[in-house]
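Listing of structure_31.cif; format and content: mmCIF, C-alpha atoms (C1' of nucleotides).
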```
data_protein
loop_
_atom_site.label_atom_id
_atom_site.label_comp_id
_atom_site.auth_asym_id
_atom_site.auth_seq_id
_atom_site.Cartn_x
_atom_site.Cartn_y
_atom_site.Cartn_z
CA MET M 1 182.62 -13.95 -8.42
CA ASN M 2 183.84 -16.92 -6.48
CA TYR M 3 183.77 -17.72 -2.79
CA SER M 4 186.43 -16.99 -0.24
CA SER M 5 188.37 -20.18 -0.16
CA GLU M 6 187.75 -21.06 3.47
CA LEU M 7 184.11 -21.84 2.72
CA LEU M 8 185.01 -24.88 0.69
CA LYS M 9 186.85 -26.42 3.60
CA GLY M 10 185.12 -29.44 4.92
CA THR M 11 182.79 -29.75 1.96
CA LEU M 12 185.15 -30.97 -0.76
CA LYS M 13 185.03 -34.62 0.26
CA THR M 14 181.25 -34.51 0.31
CA ILE M 15 181.08 -32.93 -3.14
CA VAL M 16 183.35 -35.58 -4.62
CA LEU M 17 181.45 -38.44 -3.02
CA LYS M 18 178.11 -37.10 -4.21
CA LEU M 19 179.35 -36.70 -7.80
CA LEU M 20 180.60 -40.28 -7.77
CA ALA M 21 177.27 -41.45 -6.40
CA ASP M 22 175.46 -39.80 -9.30
CA ASN M 23 177.89 -40.78 -12.05
CA LYS M 24 179.11 -44.31 -11.31
CA LYS M 25 182.68 -43.48 -12.28
CA MET M 26 184.64 -40.30 -12.89
CA TYR M 27 188.27 -39.29 -13.20
CA GLY M 28 189.94 -36.43 -11.39
CA TYR M 29 190.15 -33.83 -14.09
CA GLU M 30 186.55 -34.58 -15.04
CA ILE M 31 185.46 -33.83 -11.48
CA THR M 32 187.12 -30.40 -11.47
CA GLN M 33 185.45 -29.52 -14.78
CA ARG M 34 182.03 -30.83 -13.75
CA VAL M 35 182.02 -28.82 -10.53
CA LYS M 36 183.16 -25.77 -12.42
CA GLU M 37 180.35 -25.98 -14.97
CA LEU M 38 177.66 -27.00 -12.48
CA THR M 39 178.46 -24.02 -10.27
CA LEU M 40 178.99 -21.57 -13.14
CA ASP M 41 182.63 -21.08 -12.14
CA LYS M 42 181.73 -20.18 -8.57
CA ILE M 43 183.51 -23.20 -7.17
CA GLN M 44 186.85 -24.14 -8.69
CA ILE M 45 188.44 -27.24 -7.25
CA THR M 46 192.20 -27.01 -7.49
CA GLU M 47 194.19 -30.09 -8.38
CA GLY M 48 196.33 -29.65 -5.29
CA ALA M 49 193.19 -30.12 -3.23
CA LEU M 50 191.48 -32.77 -5.32
CA TYR M 51 194.14 -35.40 -5.82
CA PRO M 52 195.09 -35.73 -2.15
CA THR M 53 191.37 -35.97 -1.36
CA LEU M 54 190.87 -38.76 -3.88
CA HIS M 55 193.91 -40.60 -2.55
CA SER M 56 192.62 -40.28 0.97
CA LEU M 57 189.18 -41.60 -0.03
CA GLU M 58 190.91 -44.54 -1.66
CA ALA M 59 193.10 -45.18 1.37
CA ASP M 60 189.97 -45.22 3.53
CA GLY M 61 188.32 -47.74 1.23
CA PHE M 62 185.49 -45.46 0.13
CA VAL M 63 186.45 -45.54 -3.54
CA THR M 64 188.10 -48.02 -5.89
CA THR M 65 190.11 -47.15 -8.97
CA GLU M 66 190.68 -48.47 -12.45
CA THR M 67 193.23 -47.12 -14.88
CA GLU M 68 192.43 -46.59 -18.52
CA PHE M 69 194.62 -45.49 -21.37
CA ILE M 70 193.43 -42.87 -23.82
CA GLY M 71 196.12 -43.18 -26.44
CA LYS M 72 199.28 -42.98 -24.33
CA ARG M 73 197.73 -40.82 -21.66
CA VAL M 74 196.61 -42.41 -18.42
CA ARG M 75 193.21 -41.76 -16.93
CA LYS M 76 192.30 -42.94 -13.45
CA TYR M 77 188.65 -43.63 -12.81
CA TYR M 78 187.17 -43.58 -9.34
CA SER M 79 184.04 -45.44 -8.24
CA LEU M 80 182.28 -45.70 -4.89
CA SER M 81 182.70 -48.89 -2.89
CA PRO M 82 179.75 -50.18 -0.83
CA THR M 83 181.09 -48.45 2.30
CA GLY M 84 181.64 -45.38 0.15
CA LYS M 85 177.96 -45.33 -0.73
CA THR M 86 177.02 -45.45 2.92
CA LYS M 87 179.57 -42.78 3.71
CA THR M 88 178.17 -40.55 0.98
CA LYS M 89 174.67 -40.68 2.44
CA GLU M 90 176.05 -39.85 5.87
CA LYS M 91 178.13 -36.92 4.65
CA VAL M 92 175.40 -35.45 2.47
CA SER M 93 172.77 -35.61 5.18
CA GLU M 94 175.19 -34.22 7.75
CA LEU M 95 175.91 -31.27 5.48
CA ALA M 96 172.20 -30.76 4.82
CA ASP M 97 171.55 -30.71 8.55
CA PHE M 98 174.44 -28.33 9.12
CA MET M 99 173.08 -25.99 6.47
CA GLU M 100 169.67 -26.00 8.13
CA THR M 101 171.31 -25.07 11.40
CA MET M 102 173.33 -22.29 9.78
CA LYS M 103 170.25 -20.98 8.02
CA PHE M 104 168.48 -20.71 11.35
CA LEU M 105 171.47 -19.22 13.11
CA LEU M 106 172.07 -16.60 10.46
CA ASP M 107 168.40 -16.07 9.67
CA ILE M 108 169.05 -16.71 6.01
CA LYS M 109 166.16 -17.13 3.64
CA THR M 110 166.86 -19.66 0.91
CA LYS M 111 164.99 -20.28 -2.27
CA THR M 112 162.45 -23.07 -2.22
CA THR M 113 163.32 -26.18 -4.18
CA MET A 1 174.85 -35.41 17.68
CA ASN A 2 177.21 -32.69 16.63
CA TYR A 3 178.90 -31.96 13.34
CA SER A 4 182.30 -33.14 12.22
CA SER A 5 184.53 -30.27 13.10
CA GLU A 6 185.70 -29.41 9.62
CA LEU A 7 182.27 -28.08 8.70
CA LEU A 8 182.61 -25.14 11.03
CA LYS A 9 185.73 -23.95 9.27
CA GLY A 10 185.13 -20.79 7.38
CA THR A 11 181.82 -20.07 9.06
CA LEU A 12 182.89 -19.15 12.59
CA LYS A 13 183.76 -15.56 11.79
CA THR A 14 180.42 -15.10 10.06
CA ILE A 15 178.52 -16.56 13.02
CA VAL A 16 180.26 -14.24 15.46
CA LEU A 17 179.69 -11.18 13.31
CA LYS A 18 176.01 -11.99 12.84
CA LEU A 19 175.47 -12.47 16.58
CA LEU A 20 177.08 -9.12 17.28
CA ALA A 21 174.91 -7.50 14.63
CA ASP A 22 171.79 -8.82 16.37
CA ASN A 23 172.85 -8.14 19.94
CA LYS A 24 174.74 -4.84 19.99
CA LYS A 25 177.38 -6.16 22.38
CA MET A 26 178.38 -9.57 23.66
CA TYR A 27 181.31 -11.10 25.50
CA GLY A 28 183.21 -14.22 24.51
CA TYR A 29 181.80 -16.73 26.88
CA GLU A 30 178.31 -15.46 26.16
CA ILE A 31 178.83 -16.11 22.44
CA THR A 32 179.80 -19.74 23.03
CA GLN A 33 176.73 -20.28 25.22
CA ARG A 34 174.36 -18.51 22.84
CA VAL A 35 175.49 -20.57 19.87
CA LYS A 36 175.22 -23.72 21.94
CA GLU A 37 171.64 -23.03 22.99
CA LEU A 38 170.50 -21.68 19.60
CA THR A 39 171.77 -24.80 17.86
CA LEU A 40 170.61 -27.25 20.55
CA ASP A 41 174.20 -28.28 21.27
CA LYS A 42 174.87 -29.13 17.64
CA ILE A 43 177.50 -26.42 17.32
CA GLN A 44 179.92 -25.94 20.19
CA ILE A 45 182.41 -23.16 19.71
CA THR A 46 185.60 -23.95 21.55
CA GLU A 47 187.43 -21.19 23.35
CA GLY A 48 190.62 -22.03 21.49
CA ALA A 49 188.79 -21.11 18.29
CA LEU A 50 186.74 -18.21 19.56
CA TYR A 51 189.24 -15.98 21.30
CA PRO A 52 191.75 -15.87 18.45
CA THR A 53 188.85 -15.11 16.13
CA LEU A 54 187.68 -12.21 18.28
CA HIS A 55 191.22 -10.87 18.54
CA SER A 56 191.60 -11.07 14.80
CA LEU A 57 188.30 -9.25 14.21
CA GLU A 58 189.51 -6.55 16.57
CA ALA A 59 192.89 -6.31 14.84
CA ASP A 60 191.08 -5.86 11.54
CA GLY A 61 188.96 -3.07 12.98
CA PHE A 62 185.64 -4.89 12.62
CA VAL A 63 184.88 -4.86 16.34
CA THR A 64 185.64 -2.60 19.29
CA THR A 65 185.92 -3.70 22.90
CA GLU A 66 185.04 -2.42 26.33
CA THR A 67 186.00 -4.07 29.58
CA GLU A 68 183.58 -4.40 32.47
CA PHE A 69 184.07 -5.77 35.95
CA ILE A 70 181.55 -8.16 37.45
CA GLY A 71 182.76 -8.26 41.02
CA LYS A 72 186.45 -8.97 40.60
CA ARG A 73 186.01 -10.87 37.37
CA VAL A 74 186.71 -9.18 34.08
CA ARG A 75 184.32 -9.32 31.15
CA LYS A 76 185.27 -8.10 27.70
CA TYR A 77 182.42 -6.87 25.53
CA TYR A 78 182.67 -6.79 21.75
CA SER A 79 180.65 -4.51 19.46
CA LEU A 80 180.60 -4.07 15.69
CA SER A 81 182.32 -1.03 14.22
CA PRO A 82 180.81 0.63 11.13
CA THR A 83 183.13 -1.33 8.84
CA GLY A 84 182.24 -4.41 10.88
CA LYS A 85 178.58 -3.92 10.03
CA THR A 86 179.39 -3.74 6.34
CA LYS A 87 181.61 -6.78 6.62
CA THR A 88 178.84 -8.71 8.36
CA LYS A 89 176.41 -8.12 5.50
CA GLU A 90 179.02 -9.23 3.01
CA LYS A 91 179.92 -12.40 4.89
CA VAL A 92 176.32 -13.40 5.57
CA SER A 93 175.24 -12.94 1.98
CA GLU A 94 178.31 -14.73 0.68
CA LEU A 95 177.52 -17.68 2.93
CA ALA A 96 173.87 -17.65 1.84
CA ASP A 97 174.95 -17.72 -1.79
CA PHE A 98 177.43 -20.51 -1.11
CA MET A 99 174.70 -22.53 0.57
CA GLU A 100 172.43 -22.13 -2.43
CA THR A 101 175.21 -23.39 -4.66
CA MET A 102 175.88 -26.36 -2.39
CA LYS A 103 172.18 -27.17 -2.23
CA PHE A 104 172.06 -27.32 -6.00
CA LEU A 105 175.28 -29.29 -6.27
CA LEU A 106 174.23 -31.85 -3.71
CA ASP A 107 170.57 -31.80 -4.66
CA ILE A 108 169.62 -31.15 -1.07
CA LYS A 109 166.07 -30.19 -0.24
CA THR A 110 165.88 -27.71 2.61
CA LYS A 111 162.90 -26.69 4.63
CA THR A 112 161.14 -23.51 3.57
CA THR A 113 161.43 -20.56 5.89
"C1'" DG N 1 181.85 -24.39 54.74
"C1'" DT N 2 183.96 -26.82 51.20
"C1'" DC N 3 184.32 -28.73 46.75
"C1'" DA N 4 182.73 -29.23 42.10
"C1'" DA N 5 180.92 -26.93 38.39
"C1'" DA N 6 180.28 -22.86 35.97
"C1'" DT N 7 182.01 -18.44 34.51
"C1'" DA N 8 185.59 -15.84 32.03
"C1'" DC N 9 189.71 -14.70 30.10
"C1'" DA N 10 193.94 -16.43 27.36
"C1'" DT N 11 197.82 -19.09 24.92
"C1'" DT N 12 200.36 -23.08 22.99
"C1'" DG N 13 201.04 -27.08 20.13
"C1'" DG N 14 199.22 -29.96 16.84
"C1'" DT N 15 196.14 -31.47 12.95
"C1'" DT N 16 193.42 -30.98 8.97
"C1'" DT N 17 192.57 -29.08 4.78
"C1'" DC N 18 193.14 -26.12 1.83
"C1'" DT N 19 196.27 -22.84 -1.90
"C1'" DT N 20 200.16 -21.92 -4.70
"C1'" DA N 21 203.71 -23.54 -7.17
"C1'" DT N 22 205.99 -26.85 -9.59
"C1'" DG N 23 206.77 -31.00 -12.35
"C1'" DT N 24 205.96 -34.41 -16.15
"C1'" DA N 25 203.75 -35.79 -20.24
"C1'" DT N 26 200.26 -36.08 -24.03
"C1'" DC N 27 196.81 -34.33 -27.19
"C1'" DT N 28 194.38 -30.76 -29.86
"C1'" DT N 29 193.81 -26.66 -32.28
"C1'" DT N 30 195.26 -22.74 -34.82
"C1'" DA B 1 205.19 -25.17 -34.31
"C1'" DA B 2 203.42 -23.32 -30.37
"C1'" DA B 3 199.82 -22.55 -27.13
"C1'" DG B 4 196.36 -24.27 -24.59
"C1'" DA B 5 193.86 -28.06 -22.87
"C1'" DT B 6 194.05 -32.60 -20.83
"C1'" DA B 7 195.72 -35.51 -17.03
"C1'" DC B 8 198.30 -37.16 -13.48
"C1'" DA B 9 201.09 -35.93 -9.10
"C1'" DT B 10 203.71 -33.82 -5.08
"C1'" DA B 11 205.79 -30.27 -1.95
"C1'" DA B 12 205.80 -26.14 0.82
"C1'" DG B 13 203.21 -23.08 3.21
"C1'" DA B 14 199.02 -20.82 5.26
"C1'" DA B 15 194.59 -20.74 7.49
"C1'" DA B 16 191.51 -22.19 10.80
"C1'" DC B 17 190.33 -25.13 13.67
"C1'" DC B 18 190.73 -28.55 18.31
"C1'" DA B 19 192.63 -30.19 22.58
"C1'" DA B 20 195.05 -29.13 26.35
"C1'" DT B 21 196.56 -26.18 29.70
"C1'" DG B 22 196.71 -22.15 32.63
"C1'" DT B 23 194.80 -18.55 35.83
"C1'" DA B 24 191.24 -16.77 38.60
"C1'" DT B 25 186.49 -15.87 40.42
"C1'" DT B 26 181.78 -17.10 41.49
"C1'" DT B 27 177.88 -20.12 42.29
"C1'" DG B 28 175.41 -23.95 43.93
"C1'" DA B 29 174.81 -28.33 46.15
"C1'" DC B 30 175.50 -31.22 49.98
#
```
Show me this structure written as structure tokens.
Amino acid sequence: MNYSSELLKGTLKTIVLKLLADNKKMYGYEITQRVKELTLDKIQITEGALYPTLHSLEADGFVTTETEFIGKRVRKYYSLSPTGKTKTKEKVSELADFMETMKFLLDIKTKTT
Amino acid sequence: MNYSSELLKGTLKTIVLKLLADNKKMYGYEITQRVKELTLDKIQITEGALYPTLHSLEADGFVTTETEFIGKRVRKYYSLSPTGKTKTKEKVSELADFMETMKFLLDIKTKTT
DNA sequence: GTCAAATACATTGGTTTCTTATGTATCTTT
DNA sequence: AAAGATACATAAGAAACCAATGTATTTGAC
């Protein structure tokens, strides 16, 4: 099972930011694999969605990059900038609030954490 | 406060279906107002989003319509069809599942219902 | 009694954000 | 040696929204 694709819209940026907040630095491919394993294959981030998102976060100054070579193959690490850290908190709490609202609206019972 | 618009994407159809499931029949303008008051103005459904959505639900056979006149002004009521009721359950439970996954991924604590 | 705001429908054009497909290249495993 | 995994990237197209605009009626405030 995996979700109809429209559900991911609007949440991808938040997912990426949160992963970077928890892991100091990650590279693109690593992010797709981490999300896949964390969600038991329910959420699969496509590369066509991820890379433009990372580039846009960089253009907005929320992440910085450093390139590393593994043998001859390039690997591009992303890390949160100070404004990126602030942005992450904003986006995560906005999404949490939105989910509370949706829960109420749809009368959905969620498991207790 | 209201949410960045991209969050609504993918959830509008589910919201509309759920409201119709709870209220037998509703008209477009009523839906926008109901969502607005239920969410304390946090979610505002625009007419440019709502009407195409309703038309698409009708085209897919998930809702049926009946027109009523209030004075000279027309009012178009929407009701769930049998397949619409099935679809509603599917969409609501898919969204609930998605929200559980996101909660885990983002380590968000939600209030207990 | 008139004028603004609310009610009620609808469409068009534009943007954002994804998917699918494609491309290049390297490394690992069988 | 070939297939599959790793790792980057972009382009074309679709989906789903917003903002703006349009039409028309009704209500409420002054």
Could you tell me which residues the PyMOL selection byres ((chain A) within 12 of (chain N)) grabs in this file, written as a PyMOL selection string?
chain A and resi 4-7+9-10+27-33+47-52+54-55+67-70+72-77
Do you know which residues the PyMOL selection byres ((chain A and resi 89) around 12) returns on this file, as a PyMOL selection string?
(chain M and resi 106+108) or (chain A and resi 14-15+17-22+80+82-88+90-96)
Output the coordinates of chain M after least-squares fitting to chain A on all in-order C-alpha pairs, as a tab-separated table (two decimals) with C-alpha atoms, in the coordinates of the input.
```
chain	number	residue	atom	x	y	z
M	1	MET	CA	174.84	-35.45	17.64
M	2	ASN	CA	177.21	-32.74	16.57
M	3	TYR	CA	178.90	-32.03	13.27
M	4	SER	CA	182.28	-33.20	12.13
M	5	SER	CA	184.48	-30.33	13.06
M	6	GLU	CA	185.67	-29.46	9.57
M	7	LEU	CA	182.23	-28.14	8.66
M	8	LEU	CA	182.55	-25.21	11.01
M	9	LYS	CA	185.69	-24.03	9.28
M	10	GLY	CA	185.18	-20.82	7.47
M	11	THR	CA	181.84	-20.10	9.10
M	12	LEU	CA	182.89	-19.17	12.63
M	13	LYS	CA	183.76	-15.57	11.82
M	14	THR	CA	180.42	-15.13	10.10
M	15	ILE	CA	178.51	-16.58	13.04
M	16	VAL	CA	180.23	-14.26	15.49
M	17	LEU	CA	179.67	-11.19	13.33
M	18	LYS	CA	176.00	-12.00	12.86
M	19	LEU	CA	175.44	-12.49	16.61
M	20	LEU	CA	177.07	-9.13	17.29
M	21	ALA	CA	174.89	-7.52	14.64
M	22	ASP	CA	171.77	-8.82	16.36
M	23	ASN	CA	172.84	-8.14	19.94
M	24	LYS	CA	174.74	-4.84	19.97
M	25	LYS	CA	177.35	-6.16	22.39
M	26	MET	CA	178.36	-9.57	23.67
M	27	TYR	CA	181.29	-11.09	25.51
M	28	GLY	CA	183.17	-14.21	24.51
M	29	TYR	CA	181.79	-16.75	26.90
M	30	GLU	CA	178.29	-15.46	26.19
M	31	ILE	CA	178.80	-16.13	22.49
M	32	THR	CA	179.79	-19.76	23.07
M	33	GLN	CA	176.72	-20.31	25.25
M	34	ARG	CA	174.34	-18.54	22.87
M	35	VAL	CA	175.47	-20.60	19.90
M	36	LYS	CA	175.21	-23.74	21.96
M	37	GLU	CA	171.62	-23.06	23.01
M	38	LEU	CA	170.49	-21.72	19.63
M	39	THR	CA	171.76	-24.84	17.88
M	40	LEU	CA	170.61	-27.27	20.58
M	41	ASP	CA	174.21	-28.31	21.28
M	42	LYS	CA	174.87	-29.16	17.64
M	43	ILE	CA	177.49	-26.46	17.31
M	44	GLN	CA	179.90	-25.98	20.19
M	45	ILE	CA	182.39	-23.18	19.74
M	46	THR	CA	185.57	-23.95	21.61
M	47	GLU	CA	187.37	-21.17	23.42
M	48	GLY	CA	190.58	-22.00	21.59
M	49	ALA	CA	188.78	-21.12	18.37
M	50	LEU	CA	186.72	-18.20	19.60
M	51	TYR	CA	189.22	-15.98	21.34
M	52	PRO	CA	191.74	-15.88	18.49
M	53	THR	CA	188.83	-15.12	16.14
M	54	LEU	CA	187.66	-12.23	18.29
M	55	HIS	CA	191.20	-10.88	18.53
M	56	SER	CA	191.58	-11.10	14.79
M	57	LEU	CA	188.28	-9.27	14.22
M	58	GLU	CA	189.50	-6.57	16.57
M	59	ALA	CA	192.88	-6.33	14.86
M	60	ASP	CA	191.08	-5.89	11.54
M	61	GLY	CA	188.95	-3.10	12.97
M	62	PHE	CA	185.64	-4.91	12.61
M	63	VAL	CA	184.86	-4.88	16.32
M	64	THR	CA	185.63	-2.61	19.26
M	65	THR	CA	185.91	-3.69	22.88
M	66	GLU	CA	185.06	-2.38	26.30
M	67	THR	CA	186.04	-4.03	29.55
M	68	GLU	CA	183.64	-4.35	32.43
M	69	PHE	CA	184.15	-5.68	35.91
M	70	ILE	CA	181.64	-8.04	37.46
M	71	GLY	CA	182.90	-8.06	41.01
M	72	LYS	CA	186.60	-8.77	40.51
M	73	ARG	CA	186.11	-10.75	37.34
M	74	VAL	CA	186.79	-9.09	34.01
M	75	ARG	CA	184.35	-9.28	31.14
M	76	LYS	CA	185.26	-8.06	27.68
M	77	TYR	CA	182.42	-6.87	25.51
M	78	TYR	CA	182.64	-6.78	21.75
M	79	SER	CA	180.63	-4.52	19.46
M	80	LEU	CA	180.60	-4.09	15.69
M	81	SER	CA	182.31	-1.04	14.22
M	82	PRO	CA	180.80	0.61	11.12
M	83	THR	CA	183.13	-1.37	8.84
M	84	GLY	CA	182.23	-4.43	10.88
M	85	LYS	CA	178.57	-3.93	10.03
M	86	THR	CA	179.38	-3.76	6.35
M	87	LYS	CA	181.61	-6.79	6.66
M	88	THR	CA	178.85	-8.73	8.39
M	89	LYS	CA	176.42	-8.12	5.54
M	90	GLU	CA	179.05	-9.23	3.04
M	91	LYS	CA	179.93	-12.40	4.93
M	92	VAL	CA	176.34	-13.40	5.61
M	93	SER	CA	175.24	-12.93	2.02
M	94	GLU	CA	178.33	-14.72	0.73
M	95	LEU	CA	177.54	-17.69	2.96
M	96	ALA	CA	173.89	-17.63	1.88
M	97	ASP	CA	174.97	-17.68	-1.75
M	98	PHE	CA	177.44	-20.47	-1.08
M	99	MET	CA	174.73	-22.52	0.59
M	100	GLU	CA	172.45	-22.05	-2.41
M	101	THR	CA	175.23	-23.29	-4.65
M	102	MET	CA	175.90	-26.30	-2.42
M	103	LYS	CA	172.21	-27.10	-2.27
M	104	PHE	CA	172.09	-27.19	-6.04
M	105	LEU	CA	175.30	-29.15	-6.36
M	106	LEU	CA	174.28	-31.76	-3.83
M	107	ASP	CA	170.61	-31.73	-4.77
M	108	ILE	CA	169.65	-31.10	-1.18
M	109	LYS	CA	166.10	-30.21	-0.32
M	110	THR	CA	165.86	-27.74	2.54
M	111	LYS	CA	162.88	-26.78	4.58
M	112	THR	CA	161.05	-23.65	3.53
M	113	THR	CA	161.39	-20.65	5.81
```
Report the distance between atom CA of A:Leu12 and atom C1' of B:DT21 in Å, rounded to one decimal place.
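Between atom CA of A:Leu12 and atom C1' of B:DT21 the gap is 23.0 Å.
Using all atoms listed in the file for every distance, the candidate list M:Thr64, M:Asn23, M:Arg34, M:Thr39 yields M:Thr39 as the residue closest to chain A.
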For the structure provided, state which residues fall under the PyMOL selection byres ((chain B) within 8 of (chain A)), and present them as number ranges by chain.
B: 16-18, 24-25
Selection file, C-alpha atoms (C1' of nucleotides), as an mmCIF file, keeping the file's coordinate frame:
```cif
data_model
loop_
_atom_site.group_PDB
_atom_site.id
_atom_site.type_symbol
_atom_site.label_atom_id
_atom_site.label_comp_id
_atom_site.auth_asym_id
_atom_site.auth_seq_id
_atom_site.Cartn_x
_atom_site.Cartn_y
_atom_site.Cartn_z
ATOM 1 C "C1'" DA B 16 191.510 -22.190 10.800
ATOM 2 C "C1'" DC B 17 190.330 -25.130 13.670
ATOM 3 C "C1'" DC B 18 190.730 -28.550 18.310
ATOM 4 C "C1'" DA B 24 191.240 -16.770 38.600
ATOM 5 C "C1'" DT B 25 186.490 -15.870 40.420
#
```
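Proximity to chain A was assessed for M:Val35, M:Met26, M:Ile45, M:Leu57 counting only C-alpha atoms; the smallest distance is recorded for M:Val35.
For the atom pair formed by atom CA of M:Glu37 and atom CA of M:Tyr78, the distance is 19.7 Å, given to one decimal.
Interatomic distance, atom CA of A:Lys13 against atom CA of M:Tyr3: 14.7 Å.
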Which of these residues is nearest to A:Ser79, using all atoms listed in the file: A:Glu58, A:Asn2, A:Lys42, A:Phe98?
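Ranking A:Glu58, A:Asn2, A:Lys42, A:Phe98 by distance to A:Ser79, first place goes to A:Glu58.
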Could you check the closest approach to chain A for each of M:Thr11, M:Lys24, M:Asp41, M:Lys36 and tell me which residue wins, using all atoms listed in the file?
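For chain A, the nearest of the candidates is M:Thr11.
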